[in-house]
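> Quick one, final_33.cif (mmCIF, C-alpha atoms):
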data_upload
#
loop_
_atom_site.label_atom_id
_atom_site.label_comp_id
_atom_site.auth_asym_id
_atom_site.auth_seq_id
_atom_site.Cartn_x
_atom_site.Cartn_y
_atom_site.Cartn_z
CA MET I 29 54.82 -25.06 15.11
CA ASP I 30 53.87 -24.44 11.46
CA ASP I 31 51.03 -22.27 10.20
CA HIS I 32 48.64 -25.18 9.88
CA GLN I 33 49.09 -26.22 13.51
CA ALA I 34 48.99 -22.64 14.70
CA VAL I 35 45.64 -22.04 13.00
CA ASN I 36 44.27 -25.31 14.40
CA ALA I 37 45.34 -24.28 17.87
CA LEU I 38 43.65 -20.93 17.35
CA VAL I 39 40.45 -22.67 16.30
CA ARG I 40 40.57 -24.95 19.37
CA ARG I 41 40.97 -21.91 21.64
CA CYS I 42 38.08 -20.26 19.90
CA VAL I 43 35.83 -23.32 20.29
CA ALA I 44 36.76 -23.30 23.99
CA GLY I 45 35.32 -19.80 24.21
CA ASP I 46 38.38 -17.60 23.83
CA ALA I 47 37.08 -14.32 22.37
CA ALA I 48 40.59 -13.09 21.62
CA ALA I 49 41.23 -16.17 19.47
CA TRP I 50 38.08 -15.50 17.49
CA GLN I 51 39.10 -11.91 17.05
CA GLU I 52 42.45 -13.05 15.69
CA ILE I 53 40.74 -15.35 13.21
CA VAL I 54 38.52 -12.52 12.02
CA GLN I 55 41.49 -10.17 11.69
CA GLN I 56 43.42 -12.79 9.76
CA TYR I 57 40.79 -13.86 7.26
CA HIS I 58 38.29 -11.01 6.81
CA ARG I 59 40.24 -9.36 4.01
CA ARG I 60 40.45 -12.53 1.96
CA ILE I 61 36.77 -13.42 2.46
CA TYR I 62 35.71 -9.86 1.65
CA ASN I 63 37.67 -9.97 -1.60
CA ILE I 64 36.14 -13.27 -2.68
CA CYS I 65 32.67 -11.89 -1.96
CA TYR I 66 33.42 -8.62 -3.70
CA ARG I 67 34.79 -10.28 -6.83
CA PHE I 68 31.82 -12.62 -6.95
CA SER I 69 29.05 -10.09 -6.24
CA GLY I 70 30.68 -6.98 -7.73
CA SER I 71 29.22 -4.76 -5.02
CA PRO I 72 31.09 -3.45 -1.94
CA ASP I 73 27.92 -3.31 0.15
CA ASP I 74 26.86 -6.83 -0.76
CA ALA I 75 30.41 -8.04 -0.17
CA SER I 76 30.38 -6.48 3.30
CA ASP I 77 27.04 -8.09 4.17
CA LEU I 78 28.12 -11.45 2.79
CA THR I 79 31.41 -11.35 4.66
CA GLN I 80 29.54 -10.79 7.90
CA GLU I 81 27.21 -13.66 7.09
CA VAL I 82 30.18 -15.90 6.33
CA PHE I 83 31.79 -15.17 9.69
CA ILE I 84 28.52 -15.66 11.53
CA LYS I 85 28.20 -19.06 9.87
CA VAL I 86 31.84 -19.90 10.57
CA TYR I 87 31.41 -18.90 14.22
CA ARG I 88 28.35 -21.10 14.62
CA THR I 89 29.87 -24.12 12.89
CA LEU I 90 33.44 -23.76 14.06
CA SER I 91 33.19 -26.84 16.24
CA SER I 92 32.53 -28.94 13.13
CA PHE I 93 35.88 -28.01 11.59
CA ASP I 94 38.22 -31.00 11.34
CA GLY I 95 41.82 -29.88 10.98
CA THR I 96 42.92 -33.32 9.81
CA ARG I 97 40.70 -33.28 6.72
CA ALA I 98 41.39 -29.83 5.28
CA ALA I 99 43.20 -26.60 5.99
CA PHE I 100 41.22 -23.96 7.84
CA MET I 101 41.52 -21.59 4.89
CA THR I 102 40.04 -24.21 2.56
CA TRP I 103 37.21 -24.82 5.02
CA VAL I 104 36.44 -21.10 5.35
CA THR I 105 36.57 -20.69 1.58
CA THR I 106 34.16 -23.60 1.20
CA VAL I 107 31.74 -21.96 3.62
CA THR I 108 32.08 -18.72 1.68
CA ARG I 109 31.53 -20.38 -1.65
CA ASN I 110 28.45 -22.26 -0.39
CA LEU I 111 26.97 -19.04 0.93
CA LEU I 112 27.66 -17.26 -2.36
CA VAL I 113 26.02 -20.08 -4.28
CA ASP I 114 23.00 -19.96 -1.96
CA HIS I 115 22.64 -16.25 -2.56
CA PHE I 116 23.12 -16.73 -6.27
CA ARG I 117 20.39 -19.36 -6.33
CA LYS I 118 18.06 -17.05 -4.49
CA GLY I 119 18.48 -14.76 -7.46
CA LYS I 120 20.18 -12.03 -5.53
CA TYR I 121 23.29 -12.06 -7.66
CA ASP I 122 22.29 -12.96 -11.11
CA ARG I 123 24.70 -13.27 -13.94
CA ILE I 124 24.89 -10.19 -16.09
CA THR I 125 23.77 -11.65 -19.36
CA ASP I 126 22.76 -8.37 -20.97
CA SER I 127 23.86 -7.55 -24.40
CA LEU I 128 26.90 -5.34 -24.68
CA GLU I 129 24.53 -2.75 -26.18
CA ALA I 130 22.33 -2.73 -23.07
CA THR I 131 22.73 -0.20 -20.29
CA PRO I 132 22.77 -1.12 -16.63
CA GLY I 133 19.29 -0.63 -15.15
CA ASN I 134 17.98 -0.07 -18.70
CA GLN I 135 18.63 3.65 -18.45
CA GLU I 136 18.28 5.22 -21.83
CA ASP I 137 20.97 7.79 -21.32
CA GLY I 138 23.36 5.54 -19.37
CA LEU I 139 26.58 4.08 -20.69
CA THR I 140 26.19 0.74 -22.41
CA VAL I 141 28.16 -2.22 -21.13
CA GLY I 142 30.16 -1.96 -24.32
CA GLU I 143 30.92 1.68 -23.62
CA GLN I 144 31.90 0.81 -20.07
CA LEU I 145 34.30 -1.78 -21.35
CA GLU I 146 35.77 0.61 -23.87
CA ASP I 147 39.15 1.96 -23.06
CA HIS I 148 40.19 5.40 -24.25
CA SER I 149 43.58 5.64 -22.60
CA PRO I 150 46.56 5.44 -24.89
CA SER I 151 48.68 2.46 -23.91
CA PRO I 152 47.83 -1.04 -22.62
CA GLU I 153 50.48 -0.90 -19.89
CA GLU I 154 48.93 2.23 -18.40
CA GLN I 155 45.46 0.83 -18.77
CA VAL I 156 46.30 -2.27 -16.71
CA GLN I 157 47.37 -0.02 -13.88
CA SER I 158 44.42 2.30 -14.01
CA GLN I 159 41.40 2.11 -11.81
CA GLN I 160 39.12 2.32 -14.79
CA THR I 161 40.62 -0.79 -16.31
CA ARG I 162 40.18 -2.73 -13.12
CA LYS I 163 36.54 -1.74 -13.09
CA MET I 164 36.18 -2.95 -16.65
CA VAL I 165 37.75 -6.29 -15.84
CA GLN I 166 35.46 -6.57 -12.82
CA THR I 167 32.48 -5.82 -15.08
CA ALA I 168 33.62 -8.51 -17.51
CA LEU I 169 34.12 -10.90 -14.60
CA GLN I 170 30.49 -10.39 -13.64
CA GLN I 171 29.48 -11.54 -17.11
CA LEU I 172 31.00 -14.96 -16.63
CA SER I 173 28.77 -17.78 -15.47
CA PRO I 174 29.00 -18.41 -11.68
CA GLU I 175 30.81 -21.74 -12.24
CA LEU I 176 33.57 -20.16 -14.33
CA ARG I 177 33.68 -17.04 -12.17
CA GLU I 178 34.26 -18.87 -8.89
CA ALA I 179 36.96 -21.02 -10.50
CA VAL I 180 38.99 -18.10 -11.86
CA ILE I 181 38.48 -16.06 -8.66
CA LEU I 182 39.88 -18.85 -6.51
CA ARG I 183 42.77 -19.55 -8.87
CA ASP I 184 43.82 -16.17 -10.23
CA LEU I 185 42.75 -13.86 -7.43
CA GLN I 186 43.12 -16.06 -4.37
CA ASP I 187 46.09 -18.12 -5.58
CA MET I 188 44.62 -21.40 -4.44
CA ASP I 189 46.03 -24.57 -5.98
CA TYR I 190 43.92 -26.88 -8.10
CA LYS I 191 43.56 -29.49 -5.39
CA GLU I 192 42.20 -26.95 -2.89
CA ILE I 193 39.83 -25.53 -5.49
CA ALA I 194 38.61 -29.04 -6.26
CA LEU I 195 37.90 -29.52 -2.53
CA VAL I 196 36.07 -26.23 -2.24
CA LEU I 197 34.00 -26.66 -5.38
CA LYS I 198 33.56 -30.41 -4.85
CA ILE I 199 34.47 -31.23 -8.44
CA PRO I 200 37.37 -33.23 -9.96
CA GLU I 201 40.67 -31.49 -10.51
CA GLY I 202 40.40 -31.91 -14.28
CA THR I 203 37.06 -30.07 -14.25
CA VAL I 204 38.64 -27.31 -12.19
CA LYS I 205 41.35 -26.81 -14.81
CA SER I 206 38.84 -26.90 -17.62
CA ARG I 207 36.66 -24.28 -15.91
CA ILE I 208 39.65 -22.07 -15.25
CA ASN I 209 40.72 -22.27 -18.89
CA ARG I 210 37.23 -21.53 -20.12
CA GLY I 211 36.81 -18.70 -17.63
CA ARG I 212 40.04 -17.02 -18.68
CA THR I 213 39.28 -17.48 -22.37
CA GLU I 214 35.75 -16.12 -22.07
CA LEU I 215 36.95 -13.13 -20.06
CA ALA I 216 39.59 -12.34 -22.68
CA ARG I 217 37.01 -12.60 -25.46
CA LEU I 218 34.67 -10.24 -23.63
CA LEU I 219 37.41 -7.68 -23.23
CA GLN I 220 38.83 -8.31 -26.68
CA ARG I 221 35.49 -7.59 -28.25
CA ASN I 222 35.71 -4.02 -27.09
CA TYR I 223 39.31 -3.14 -27.28
CA ARG I 224 41.16 -5.26 -29.73
CA GLN I 225 43.97 -2.76 -29.79
CA VAL I 226 44.86 -3.67 -26.20
CA ILE I 227 45.08 -7.38 -26.87
CA MET W 250 44.65 -32.63 -37.41
CA ASP W 251 47.93 -31.82 -39.04
CA GLY W 252 49.08 -30.35 -35.79
CA GLU W 253 48.13 -33.49 -33.90
CA ALA W 254 50.04 -35.64 -36.36
CA LYS W 255 53.14 -33.52 -36.23
CA SER W 256 53.37 -32.95 -32.45
CA GLY W 257 51.91 -36.19 -31.18
CA MET W 258 49.55 -34.29 -28.85
CA GLN W 259 45.83 -34.04 -29.41
CA CYS W 260 43.77 -30.86 -28.91
CA VAL W 261 42.05 -32.40 -25.88
CA GLU W 262 45.41 -33.08 -24.28
CA PHE W 263 46.55 -29.58 -25.15
CA GLU W 264 43.55 -28.15 -23.32
CA ALA W 265 44.19 -30.40 -20.34
CA TRP W 266 47.78 -29.16 -20.07
CA LEU W 267 46.88 -25.53 -20.76
CA ALA W 268 46.51 -24.51 -17.11
CA GLU W 269 49.89 -25.99 -16.16
CA ALA W 270 51.49 -24.47 -19.24
CA LEU W 271 50.27 -21.03 -18.19
CA ASP W 272 51.55 -21.69 -14.68
CA ALA W 273 54.89 -22.70 -16.26
CA THR W 274 54.84 -26.01 -14.41
CA LEU W 275 54.89 -28.38 -17.41
CA PRO W 276 57.66 -30.99 -17.36
CA GLY W 277 60.26 -30.82 -20.17
CA SER W 278 59.03 -33.51 -22.56
CA THR W 279 55.36 -32.47 -22.22
CA LEU W 280 56.32 -28.83 -22.70
CA ALA W 281 58.05 -29.65 -25.99
CA ALA W 282 55.00 -31.53 -27.28
CA PHE W 283 52.72 -28.76 -26.03
CA GLU W 284 54.71 -26.06 -27.83
CA ALA W 285 54.89 -28.13 -30.99
CA HIS W 286 51.12 -28.54 -31.00
CA GLN W 287 50.67 -24.85 -30.35
CA GLN W 288 52.80 -24.07 -33.38
CA ALA W 289 50.96 -26.52 -35.57
CA CYS W 290 47.31 -25.96 -34.49
CA PRO W 291 45.93 -22.43 -35.02
CA ALA W 292 42.78 -23.09 -32.96
CA CYS W 293 44.78 -24.23 -29.93
CA ALA W 294 47.24 -21.38 -30.39
CA ALA W 295 44.33 -18.92 -30.31
CA MET W 296 42.94 -20.62 -27.21
CA TYR W 297 46.34 -20.34 -25.53
CA ARG W 298 46.58 -16.65 -26.37
CA GLU W 299 43.10 -15.93 -25.03
CA ALA W 300 43.62 -17.89 -21.84
CA ALA W 301 46.94 -16.13 -21.27
CA ALA W 302 45.30 -12.75 -21.87
CA GLY W 303 42.47 -13.58 -19.46
CA MET W 304 44.93 -14.64 -16.80
CA HIS W 305 46.90 -11.46 -17.37
CA TRP W 306 43.80 -9.30 -16.88
CA LEU W 307 42.78 -11.16 -13.74
CA ASN W 308 46.27 -10.88 -12.28
CA GLY W 309 46.04 -7.14 -12.85
CA LEU W 310 43.20 -6.95 -10.34
CA GLU W 311 44.42 -5.98 -6.91
CA ASP W 312 42.89 -6.78 -3.55
CA VAL W 313 40.22 -4.32 -2.54
CA GLU W 314 40.33 -2.78 0.90
CA PRO W 315 37.52 -3.99 3.20
CA PRO W 316 35.40 -1.35 4.98
CA ARG W 317 37.04 0.04 8.12
CA HIS W 318 34.44 -1.23 10.53
CA LEU W 319 33.95 -4.65 9.02
CA VAL W 320 35.93 -6.43 11.75
CA HIS W 321 34.09 -4.53 14.46
CA ASN W 322 30.73 -5.37 12.92
CA ILE W 323 31.63 -9.05 12.61
CA LEU W 324 32.76 -9.22 16.23
CA ALA W 325 29.67 -7.37 17.38
CA GLN W 326 27.43 -9.82 15.53
CA THR W 327 29.24 -12.94 16.67
CA ILE W 328 30.54 -12.49 20.19
CA GLY W 329 28.27 -9.55 20.93
CA SER W 330 30.96 -7.18 22.11
CA VAL W 331 34.41 -6.18 21.07
CA PRO W 332 37.16 -7.37 23.43
CA GLU W 333 39.43 -4.79 25.01
CA ALA W 334 42.32 -5.90 22.82
CA SER W 335 40.41 -4.90 19.75
CA ALA W 336 40.03 -1.33 20.85
CA GLN W 337 42.37 0.13 18.32
CA ALA W 338 44.67 2.30 20.33
CA ALA W 339 46.20 5.14 18.44
CA PRO W 340 49.95 4.74 17.86
CA ALA W 341 52.20 6.70 20.14
CA GLY W 342 53.15 10.11 18.87
CA GLU W 343 49.79 10.82 17.24
CA GLY W 344 47.83 13.89 18.20
CA TRP W 345 44.98 14.07 20.69
CA PHE W 346 42.49 14.16 17.84
CA ALA W 347 43.73 10.84 16.45
CA LYS W 348 43.60 9.30 19.93
CA LEU W 349 40.09 10.61 20.51
CA LYS W 350 39.04 9.36 17.09
CA ALA W 351 40.47 5.91 17.79
CA ARG W 352 38.48 5.70 21.01
CA VAL W 353 35.24 7.15 19.72
CA ALA W 354 35.15 5.48 16.28
CA PRO W 355 34.35 1.94 17.53
CA VAL W 356 31.51 3.28 19.68
CA PHE W 357 29.81 4.88 16.69
CA ALA W 358 30.76 2.11 14.29
CA PRO W 359 27.25 0.56 14.14
CA VAL W 360 25.66 3.86 13.13
CA MET W 361 28.43 4.96 10.77
CA THR W 362 26.93 3.05 7.88
CA PRO W 363 25.48 4.26 4.58
CA ARG W 364 22.04 2.98 5.53
CA PHE W 365 21.98 4.91 8.78
CA ALA W 366 23.30 8.01 7.02
CA MET W 367 20.50 7.74 4.47
CA SER W 368 17.85 7.32 7.19
CA PHE W 369 19.27 10.22 9.16
CA GLY W 370 19.32 12.38 6.04
CA MET W 371 15.68 11.59 5.28
CA ALA W 372 14.64 12.34 8.86
CA PHE W 373 16.55 15.64 8.82
CA PHE W 374 14.96 16.59 5.51
CA SER W 375 11.46 15.82 6.82
CA ILE W 376 11.95 17.78 10.05
CA THR W 377 13.39 20.76 8.16
CA MET W 378 10.48 20.75 5.74
CA LEU W 379 7.92 20.60 8.56
CA ALA W 380 9.71 23.40 10.41
CA ASN W 381 9.64 25.55 7.28
CA ILE W 382 5.95 24.92 6.77
CA ALA W 383 5.29 25.80 10.42
CA GLY W 384 7.12 29.10 9.92
CA PHE W 385 10.09 28.29 12.11
CA ARG W 386 13.35 29.92 11.10
CA VAL W 387 16.68 29.01 12.64
CA GLY W 388 17.77 32.63 12.24
CA ASP W 389 15.04 33.69 14.67
CA LEU W 390 16.82 31.88 17.48
CA LYS W 391 19.44 34.61 17.77
CA HIS W 392 16.73 37.05 18.90
CA VAL W 393 15.63 34.79 21.69
CA ASP W 394 16.53 35.91 25.22
CA LEU W 395 18.14 32.85 26.78
CA SER W 396 18.78 34.36 30.22
CA ALA W 397 16.96 32.86 33.23
CA LYS W 398 14.74 35.90 33.54
CA GLY W 399 14.02 35.92 29.84
CA LEU W 400 13.14 32.24 29.80
CA GLN W 401 10.81 32.72 32.79
CA LYS W 402 9.13 35.62 31.07
CA THR W 403 8.76 33.64 27.87
CA TYR W 404 7.29 30.76 29.83
CA TYR W 405 4.64 32.86 31.56
CA SER W 406 3.73 34.81 28.44
CA THR W 407 3.39 31.58 26.46
CA GLU W 408 1.26 30.06 29.19
CA ALA W 409 -0.97 33.14 29.25
CA ARG W 410 -1.29 33.04 25.48
CA VAL W 411 -2.28 29.41 25.55
CA VAL W 412 -4.88 29.96 28.26
CA ARG W 413 -6.28 32.96 26.41
CA TYR W 414 -6.43 31.04 23.22
CA TYR W 415 -8.19 28.15 24.91
CA GLU W 416 -10.74 30.39 26.52
CA ASN W 417 -11.43 32.24 23.33
CA ILE W 418 -11.86 29.39 21.02
CA ARG W 419 -15.29 28.99 19.58
CA LEU W 420 -15.46 25.32 20.33
CA VAL W 421 -15.51 25.99 24.04
CA TYR W 422 -18.37 28.42 23.61
CA GLU W 423 -20.32 25.95 21.59
CA ILE W 424 -19.78 23.17 24.07
CA GLU W 425 -20.78 25.44 26.92
CA SER W 426 -23.98 26.46 25.16
CA ARG W 427 -24.80 22.86 24.35
CA VAL W 428 -24.27 21.89 27.95
CA ARG W 429 -26.53 24.75 29.03
CA ASP W 430 -29.25 23.61 26.61
CA LEU W 431 -28.97 20.08 27.81
CA ARG W 432 -29.30 21.17 31.43
CA ARG W 433 -32.32 23.22 30.57
CA ALA W 434 -33.89 20.35 28.68
CA ALA W 435 -33.17 17.98 31.51
CA THR W 436 -34.91 20.14 34.13
CA PRO W 437 -38.20 21.41 32.55
CA GLU W 438 -40.34 20.73 35.65
CA LYS W 439 -38.18 22.81 37.88
CA GLN W 440 -38.43 25.66 35.44
CA GLU W 441 -42.22 25.41 35.57
CA GLU W 442 -42.16 25.39 39.36
CA ASN W 443 -39.95 28.45 39.38
CA THR W 444 -42.30 30.39 37.13
CA PRO W 445 -44.37 33.02 39.04
CA LYS W 446 -48.00 32.15 39.65
CA SER W 447 -49.38 35.56 38.62
CA PRO W 448 -50.11 35.62 34.90
CA ASP W 449 -49.57 39.40 34.74
CA LYS W 450 -45.88 39.21 35.29
CA LYS W 451 -43.97 37.99 32.31
CA THR W 452 -41.02 35.81 32.43
CA GLY W 453 -37.63 36.86 31.19
CA SER W 454 -37.86 34.61 28.18
CA GLN W 455 -41.21 36.04 27.19
CA GLU W 456 -39.84 39.52 27.43
CA GLN W 457 -36.92 38.47 25.37
CA ASP W 458 -39.26 37.00 22.76
CA ARG W 459 -41.13 40.23 22.59
CA LYS W 460 -37.89 42.13 22.22
CA TYR W 461 -37.00 39.95 19.30
CA GLN W 462 -40.43 40.55 17.93
CA ASN W 463 -39.86 44.28 18.08
CA TYR W 464 -36.53 43.98 16.45
CA SER W 465 -38.14 42.09 13.66
CA ARG W 466 -40.48 44.93 12.93
CA ASP W 467 -39.28 47.65 10.69
CA GLU W 468 -40.23 51.31 10.28
CA SER W 469 -42.89 50.44 7.76
CA GLN W 470 -45.23 49.67 10.65
CA PRO W 471 -45.94 53.13 12.21
CA LEU W 472 -48.98 52.00 14.12
CA LEU W 473 -46.90 50.11 16.56
CA ALA W 474 -45.08 53.29 17.57
CA SER W 475 -48.08 54.37 19.62
CA CYS W 476 -48.42 51.04 21.27
CA PRO W 477 -48.24 51.43 25.08
CA ALA W 478 -46.08 48.41 25.40
CA VAL W 479 -43.48 50.04 23.24
CA VAL W 480 -43.76 53.33 25.11
CA GLU W 481 -43.11 51.51 28.33
CA GLN W 482 -39.86 50.28 26.96
CA GLU W 483 -38.69 53.74 26.05
CA SER W 484 -35.03 54.25 26.73
CA PRO W 485 -33.97 56.73 29.48
CA GLN W 486 -32.31 58.97 26.90
CA ALA W 487 -35.50 59.19 24.86
CA ARG W 488 -37.46 59.92 28.02
CA LEU W 489 -35.10 62.75 28.89
CA ASN W 490 -35.39 64.19 25.40
CA ARG W 491 -39.17 64.15 25.66
CA ARG W 492 -39.11 66.01 28.97
CA THR W 493 -36.79 68.66 27.58
CA VAL W 494 -39.11 69.24 24.66
#
What would you get if you wrote out this structure as structure tokens?

Amino acid sequence: MDDHQAVNALVRRCVAGDAAAWQEIVQQYHRRIYNICYRFSGSPDDASDLTQEVFIKVYRTLSSFDGTRAAFMTWVTTVTRNLLVDHFRKGKYDRITDSLEATPGNQEDGLTVGEQLEDHSPSPEEQVQSQQTRKMVQTALQQLSPELREAVILRDLQDMDYKEIALVLKIPEGTVKSRINRGRTELARLLQRNYRQVI
Amino acid sequence: MDGEAKSGMQCVEFEAWLAEALDATLPGSTLAAFEAHQQACPACAAMYREAAAGMHWLNGLEDVEPPRHLVHNILAQTIGSVPEASAQAAPAGEGWFAKLKARVAPVFAPVMTPRFAMSFGMAFFSITMLANIAGFRVGDLKHVDLSAKGLQKTYYSTEARVVRYYENIRLVYEIESRVRDLRRAATPEKQEENTPKSPDKKTGSQEQDRKYQNYSRDESQPLLASCPAVVEQESPQARLNRRTV
């Protein structure tokens, strides 16, 4: 029995009311869902809340999952993405479109976005490994438009293939590739603007 | 345009193949044309470099660790309770503290959240502030006698203090006097019936009025000193002094 069949069997058990099966599903997928939510929202608390909402929605609609049409992971990711879009539309997670000279929360004495993106460590190799750099990349990721952000998150952070991403985002595969290219390019430009020496 | 002519690939095609090129999944002939275009077209070369850099930065991001109680919270919100299998038993060989922690942690999972901690902190701060204003000091507790006899004594003394306080408060006096006035006002006829028929004898209230009258008079009215009524009310001590003289 391959992974696909095993997951489908797990889902069937869960739909039949097996609590242990549901627990296994949660254990298996919560980390991935949490990471998608975290990368999209940029906040651990929001990511935690959204992950719970995703699983509540998955639990309620689990009987509608059709294993012959898509993989369970793709289906769960689609649910996650729809929920994130809903929240984004409600204005909860707006795109950070501030100038690089602006400070978060408009605090006069706070660090500007530009200063946050600045890197003072000596070598690029060390910077990639550092926590600070990851935060800066996450900050830059938040500056991308939601369409580009979700595309690069699914491709570069979740390692999904283009066909799966096209299913999740409900757009043609060519558009997926275009969005991924544009997302990567825009991210690099945002980072490049502040530390050209690294690039 | 020169690049397009030389390589046989247009910029639009280059962009379409960019994702596969970065994934290193381009077939041989396409790869050659792609690389040729990249060499010939500076704009596409720059785009390739930026996309590669962006991918590099994104690949540098690692998975973040979900909160410890996320699974528990999800299970609690979906199936209502956590199945026995999910009770995370501590691995064998761990100390009693780790085992105890593993058993107790899921029970307190719902309250071990930042929001609850913040609410608890605010409540603690408010109670502490009120206690300080009320004059309560935690240090005073060490002087308290917590033996059975001591507690009994404290109970009775506190009760006595409360009763004393209640009886002494002015409000009670005022209410009592008001009630008395109301009773008096409600029963004027009875008072009249109770009054003695002989006009010679004066009622207590009349006497009291006269007393007040006397008190209101000062020493600048010497004539009243010889008044028989006043003499009648001479105090026993004054009477004794007069006899001695």
> Please identify every residue of chain I that has at least one atom no more than 8 Å from any atom of chain W, counting all atoms listed in the file, and report them as a PyMOL selection string.
chain I and resi 47-48+51+54-55+58-59+62-63+76+80+83-84+87+156-157+162+165+184-185+202+205-206+208-217+227
> Mind giving me the straight-line distance from CA of Phe93 (chain I) to CA of Val196 (chain I) in Å, one decimal?
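Separation of CA of Phe93 (chain I) and CA of Val196 (chain I): 13.9 Å.
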> Please write the residues picked by the PyMOL selection byres ((chain I and resi 191) around 12) on this file as an NGL selection string.
:I and (98-99 or 102 or 179 or 182-183 or 187-190 or 192-205)
> Mind telling me what the PyMOL selection byres ((chain I and resi 36-40) around 12) catches here, as a ChimeraX atom specification?
/I:29-35,41-54,56,86-87,89-101,103-104
> CA of Ala372 (chain W) and CA of Ala325 (chain W) are how many Å apart?
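So the two atoms, CA of Ala372 (chain W) and CA of Ala325 (chain W), lie 26.2 Å apart.
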> Report, in Å to a single decimal, how far apart CA of Gln159 (chain I) and CA of Arg364 (chain W) are.
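Rounded to one decimal, the two atoms are 26.0 Å apart.
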> Quick one: of I:Arg88, I:Ile61, I:Gly70, I:Asn110, who's nearest to Ala168 (chain I), counting all atoms listed in the file?
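Of I:Arg88, I:Ile61, I:Gly70, I:Asn110, the one nearest Ala168 (chain I), counting all atoms listed in the file, is I:Gly70.
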